[in-house]
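Working notes, beginning with the structure itself.
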Amino acid sequence: MTSPELRVERAGPEDAALILALQKIAYQSEARLYDDWNLPPLTQTLESLQAEFGHSIILKALDRGQLAGSVRARESHGTCHIGRLVVSPTAQGRGIGTRLMQEIEASFPSARRFELFTGSRSERNLRLYRRLGYAPCREQPAANGVTLVYLEKSR
């Protein structure tokens, strides 16, 4: 259950440093799961994230005024590509990820479908996405023996 003090709003370049810091904290559990500390979310630079504001919508979740999560997406040819859903480890299990996903989908009213990916061992992520109506559509091998599972949802 999300807190009544939770606000989701569009982030701006001035939020990039805080979002990046939260991203690096949130993805540590994935790094441990895959024994890979070179995951792109952990190695992303501030400049790279700031550049994303030019072609993506980035949302932030604020709980009592503190950054609790973020998600980003961009649309191409009718498909909204969603990436880097992050929720503070201390705020997980309170509906923040679900709310961010609902809000990012609503930010792309002309998208005919939504697509995202996660690692095949990321069961918690897979459960969330399935609960939100996403279904696996393909798998792709990645570095270090990791398999990426792509999931899609039609509008």
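Going by the structure tokens order, chains are called A, B, ..., each with residues numbered from 1, while ligands are numbered from 1 in the order shown.
Every protein or nucleic acid residue with an atom no more than 8 Å from region 107-119 of chain A, counting only C-alpha atoms and leaving out same-chain residues fewer than 6 positions away, appears here: Ile57, Glu75, Gly78, Thr79, Cys80, His81, Ile82, Gly83, Asn125, Leu126, Val146, Thr147, Leu148, Val149, Tyr150, Leu151, Glu152, Lys153, Ser154 and Arg155 of chain A.
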Using only C-alpha atoms, which protein or nucleic acid residues come within 12 Å of Gly95 (chain A)? Drop anything in the same chain fewer than 6 positions from it, and give the result as a compact mmCIF listing (two decimals) with N, CA and C atoms, in the first residue's frame.
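File written: result.txt
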```txt
# COMPACT_ATOMS: atom_id res chain seq x y z
N MET A 1 0.85 -1.18 0.00
CA MET A 1 0.00 0.00 0.00
C MET A 1 0.89 1.24 0.00
N THR A 2 0.68 2.10 -0.99
CA THR A 2 1.51 3.30 -1.05
C THR A 2 1.07 4.32 -0.01
N SER A 3 2.03 5.09 0.42
CA SER A 3 1.80 6.13 1.42
C SER A 3 1.03 7.28 0.80
N PRO A 4 0.14 7.92 1.57
CA PRO A 4 -0.57 9.09 1.03
C PRO A 4 0.40 10.25 0.76
N LEU A 6 3.13 9.88 -0.88
CA LEU A 6 3.91 9.54 -2.07
C LEU A 6 3.44 10.37 -3.25
N ALA A 61 9.76 9.20 -7.75
CA ALA A 61 8.78 9.01 -6.68
C ALA A 61 9.36 9.66 -5.43
N ASP A 63 8.67 10.24 -1.43
CA ASP A 63 7.92 9.83 -0.25
C ASP A 63 8.31 10.77 0.88
N ALA A 68 12.39 8.20 -3.46
CA ALA A 68 12.18 6.80 -3.10
C ALA A 68 12.26 5.87 -4.30
N GLY A 69 12.20 6.44 -5.51
CA GLY A 69 12.26 5.59 -6.69
C GLY A 69 12.29 6.40 -7.96
N VAL A 87 13.73 1.33 -6.92
CA VAL A 87 13.06 1.71 -5.68
C VAL A 87 14.08 1.54 -4.56
N SER A 88 14.14 2.51 -3.70
CA SER A 88 15.05 2.45 -2.56
C SER A 88 14.85 1.13 -1.82
N MET A 101 5.40 2.35 -12.42
CA MET A 101 5.07 1.69 -13.69
C MET A 101 3.75 2.21 -14.25
N GLN A 102 2.75 2.38 -13.40
CA GLN A 102 1.47 2.91 -13.87
C GLN A 102 1.63 4.32 -14.42
N LEU A 128 6.65 -8.90 -10.36
CA LEU A 128 6.03 -7.58 -10.45
C LEU A 128 5.52 -7.34 -11.86
N LEU A 132 1.64 -6.88 -13.37
CA LEU A 132 1.21 -5.67 -14.06
C LEU A 132 0.77 -5.94 -15.50
```
Q.
Report, in Å with one decimal, the straight-line distance from CA of Arg74 (chain A) to CA of Ala51 (chain A).
A.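 A separation of 12.8 Å between them.
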Q. What separation in Å, quoted to one decimal, exists between CA of Glu14 (chain A) and CA of Pro89 (chain A)?
A.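 A separation of 22.6 Å between them.
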(Q) What does the structure give for the distance between CA of Glu103 (chain A) and CA of Ala11 (chain A), in Å to one decimal? (A) 12.5 Å
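Minimum atom-to-atom distance to Leu20 (chain A), evaluated using only C-alpha atoms, belongs to A:Pro41 out of A:His55, A:Val8, A:Asn144, A:Pro41.
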Q: Would you mind listing what lies within 7 Å of Leu100 (chain A) as a list in words, with only C-alpha atoms counted and same-chain residues fewer than 3 positions away left out?
A: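 In the requested form, the answer reads Val8, Ser70, Val71, Ile96, Gly97, Glu103 and Ile104 of chain A.
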Would you output that residue set with N, CA and C atoms, as a PDB file, in the first residue's frame?
```pdb
ATOM      1  N   VAL A   8       4.435  11.122  -7.410  1.00  0.00           N
ATOM      2  CA  VAL A   8       5.221  10.758  -8.582  1.00  0.00           C
ATOM      3  C   VAL A   8       5.146  11.927  -9.531  1.00  0.00           C
ATOM      4  N   SER A  70      12.509   5.698  -9.065  1.00  0.00           N
ATOM      5  CA  SER A  70      12.563   6.346 -10.370  1.00  0.00           C
ATOM      6  C   SER A  70      12.348   5.304 -11.463  1.00  0.00           C
ATOM      7  N   VAL A  71      11.922   5.776 -12.613  1.00  0.00           N
ATOM      8  CA  VAL A  71      11.785   4.938 -13.799  1.00  0.00           C
ATOM      9  C   VAL A  71      11.934   5.841 -15.011  1.00  0.00           C
ATOM     10  N   ILE A  96       5.561   1.265  -4.483  1.00  0.00           N
ATOM     11  CA  ILE A  96       6.187   2.381  -5.203  1.00  0.00           C
ATOM     12  C   ILE A  96       6.540   1.969  -6.634  1.00  0.00           C
ATOM     13  N   GLY A  97       7.079   0.763  -6.803  1.00  0.00           N
ATOM     14  CA  GLY A  97       7.403   0.288  -8.144  1.00  0.00           C
ATOM     15  C   GLY A  97       6.163   0.177  -9.011  1.00  0.00           C
ATOM     16  N   GLU A 103       2.407   5.127 -13.744  1.00  0.00           N
ATOM     17  CA  GLU A 103       2.596   6.516 -14.158  1.00  0.00           C
ATOM     18  C   GLU A 103       3.417   6.615 -15.447  1.00  0.00           C
ATOM     19  N   ILE A 104       4.440   5.752 -15.603  1.00  0.00           N
ATOM     20  CA  ILE A 104       5.239   5.838 -16.834  1.00  0.00           C
ATOM     21  C   ILE A 104       4.403   5.361 -18.018  1.00  0.00           C
TER      22      ILE A 104
END
```
Q | Pick from A:Gln66, A:Arg32, A:Gly133, A:Ser48 nearest to Glu105 (chain A), counting only C-alpha atoms | A | A:Gly133
Q: Give me every strand (DSSP E or B) residue in region 64-130 of chain A, going by DSSP on the backbone, as a PyMOL selection string.
A: chain A and resi 66-76+79-87+113-119
Q. Which residues in chain A does DSSP call alpha helix (DSSP H)? List them as a ChimeraX atom specification.
A. /A:16-26,28-34,40-43,46-52,96-106,123-131
